[in-house]
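Participant: Here it is: the structure, laid out below.
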Amino acid sequence: MIARHGLGELTHRRVAAEADVPVGSTTYYFSDLGTLREAALAHAATSAADWLEQWRRDLDRAADLPVTLARLTAEYLTDPDRHRTLSELYVAASHRPELQSLARLWPEGLVALLEPRIGRRAAEAVTVFLDGATVHSLITGTPLSVEALTDAVARLAADP
């Protein structure tokens, strides 16, 4: 729902309508809108952590990290709702410090995943690039190609 309407449009009524439940059931579990927003964003962050675990398994079997990471990123970018929700989380965290730990789950998790494979500096550079590729995909409607992703990741991950 956040991906389709934005975090600013999240209301008890809209969530209830989407879930086809009475509004009272959403207010029972989430007494105020802030709690509802945090729960929705926490779900998005947890889902991102699940993706990272899948990426870990794929990278553990990979012979070529840039090719595999580019393929995984391209697959991830095929679902704009997924990364649109994370982008909403990032923006919300820039205004609400209590959300920053949730917002850092994906980038810190990706750095932790990549660091043993390519070193800290390269892992941070690749993570920042992939975050930028995600934003690029959202604002242009066109994700970068696997080839472009592979080339950039290979360059960023290369030994200096």
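Lettering and numbering for the structure tokens are positional, with chains as A, B, ... in the shown order, residues counted from 1 in each chain, and ligands counted from 1 in the shown order.
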For range 107-117 of chain A, work out the shell of residues within 8 Å, counting only C-alpha atoms and skipping chain neighbours fewer than 6 positions away, then give it as a ChimeraX atom specification.

Facilitator: /A:49,52,56,123-124,127-128,131

Participant: Save out the residues we just selected, N, CA and C atoms, as a PDB file, in the first residue's frame.

Facilitator:
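Writing the result to out_11.pdb gives the following:
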ATOM      1  N   ALA A  49      15.742  -7.540   4.405  1.00  0.00           N
ATOM      2  CA  ALA A  49      16.720  -8.432   5.042  1.00  0.00           C
ATOM      3  C   ALA A  49      16.572  -9.859   4.519  1.00  0.00           C
ATOM      4  N   LEU A  52      18.333 -10.049   1.279  1.00  0.00           N
ATOM      5  CA  LEU A  52      19.782 -10.140   1.459  1.00  0.00           C
ATOM      6  C   LEU A  52      20.215 -11.569   1.777  1.00  0.00           C
ATOM      7  N   ARG A  56      22.879 -13.685  -0.256  1.00  0.00           N
ATOM      8  CA  ARG A  56      24.030 -14.342   0.365  1.00  0.00           C
ATOM      9  C   ARG A  56      24.175 -15.771  -0.185  1.00  0.00           C
ATOM     10  N   ALA A 123      32.888  -2.576  -0.892  1.00  0.00           N
ATOM     11  CA  ALA A 123      31.519  -2.956  -0.503  1.00  0.00           C
ATOM     12  C   ALA A 123      30.656  -1.717  -0.295  1.00  0.00           C
ATOM     13  N   GLU A 124      31.225  -0.698   0.340  1.00  0.00           N
ATOM     14  CA  GLU A 124      30.470   0.548   0.539  1.00  0.00           C
ATOM     15  C   GLU A 124      30.190   1.231  -0.794  1.00  0.00           C
ATOM     16  N   THR A 127      27.482  -0.668  -2.657  1.00  0.00           N
ATOM     17  CA  THR A 127      26.188  -0.446  -2.003  1.00  0.00           C
ATOM     18  C   THR A 127      25.611   0.916  -2.367  1.00  0.00           C
ATOM     19  N   VAL A 128      26.435   1.943  -2.322  1.00  0.00           N
ATOM     20  CA  VAL A 128      25.966   3.285  -2.680  1.00  0.00           C
ATOM     21  C   VAL A 128      25.536   3.311  -4.151  1.00  0.00           C
ATOM     22  N   ASP A 131      22.174   1.547  -4.473  1.00  0.00           N
ATOM     23  CA  ASP A 131      21.101   2.424  -3.984  1.00  0.00           C
ATOM     24  C   ASP A 131      20.760   3.472  -5.044  1.00  0.00           C
TER      25      ASP A 131
END

Participant: What's the 6 Å shell around range 151-159 of chain A, counting only C-alpha atoms, without same-chain residues fewer than 4 positions away, as a PyMOL selection string?

Facilitator: chain A and resi 66+118+122

Participant: Could the residues of range 32-75 of chain A that have an atom at most 9 Å from range 85-90 of chain A be listed as a tab-separated table, each with its closest atom pair and the distance in Å to one decimal, counting only C-alpha atoms and ordered by chain and ascending residue number?

Facilitator:
residue	atom	partner	partner_atom	distance
A:Leu41	CA	A:Leu89	CA	6.1
A:Ala42	CA	A:Leu89	CA	8.9
A:Ala44	CA	A:Leu86	CA	6.5
A:Ala45	CA	A:Leu86	CA	7.1
A:Ala48	CA	A:Leu86	CA	8.2

Participant: Can you check which residues of range 7-144 of chain A DSSP gives as helix (DSSP H, G or I) on the backbone and send them as a PyMOL selection string?

Facilitator: chain A and resi 7-9+12-19+23-29+33-61+65-76+80-95+97-103+105-118+120-140

Participant: What's the separation between CA of Ala40 in chain A and CA of Leu102 in chain A, in Å to one decimal place?

Facilitator: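 According to the coordinates, CA of Ala40 in chain A and CA of Leu102 in chain A are separated by 11.1 Å.
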
Participant: My list of candidates is A:Phe129, A:Asp64, A:Ser145, A:Thr134. Which is closest to Arg82 in chain A when distances are computed with only C-alpha atoms?

Facilitator: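 Smallest distance to Arg82 in chain A is found for A:Thr134.
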
Participant: Between CA of His95 in chain A and CA of Thr46 in chain A, measure the distance and give it in Å to one decimal.

Facilitator: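 One can read the CA of His95 in chain A to CA of Thr46 in chain A distance as 20.4 Å.
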
Participant: Report the distance between CA of Ser137 in chain A and CA of Thr78 in chain A in Å, rounded to one decimal place.

Facilitator: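 Atom-to-atom, CA of Ser137 in chain A to CA of Thr78 in chain A, that is 9.4 Å.
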
Participant: Using only C-alpha atoms, find the one residue out of A:Leu77, A:Leu69, A:Val91, A:Ala125 that sits nearest to Gly141 in chain A.

Facilitator: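 Result for the nearest residue to Gly141 in chain A: A:Leu77.
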
Participant: Point out the residue among A:Asp60, A:Pro80, A:Arg121, A:Arg96 with the least atom-to-atom distance to Thr142 in chain A, counting only C-alpha atoms.

Facilitator: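 Of A:Asp60, A:Pro80, A:Arg121, A:Arg96, the one nearest Thr142 in chain A is A:Pro80, counting only C-alpha atoms.
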
Participant: Excluding Ala70 in chain A and its own-chain neighbours fewer than 2 positions away, which residues fall within 6 Å of it when counting only C-alpha atoms? Please give them as a list of chain:residue names.

Facilitator: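 Counting only the stated atoms, we get A:Pro66, A:Val67, A:Thr68, A:Leu72, A:Thr73, A:Val146, A:Leu149, A:Thr150.
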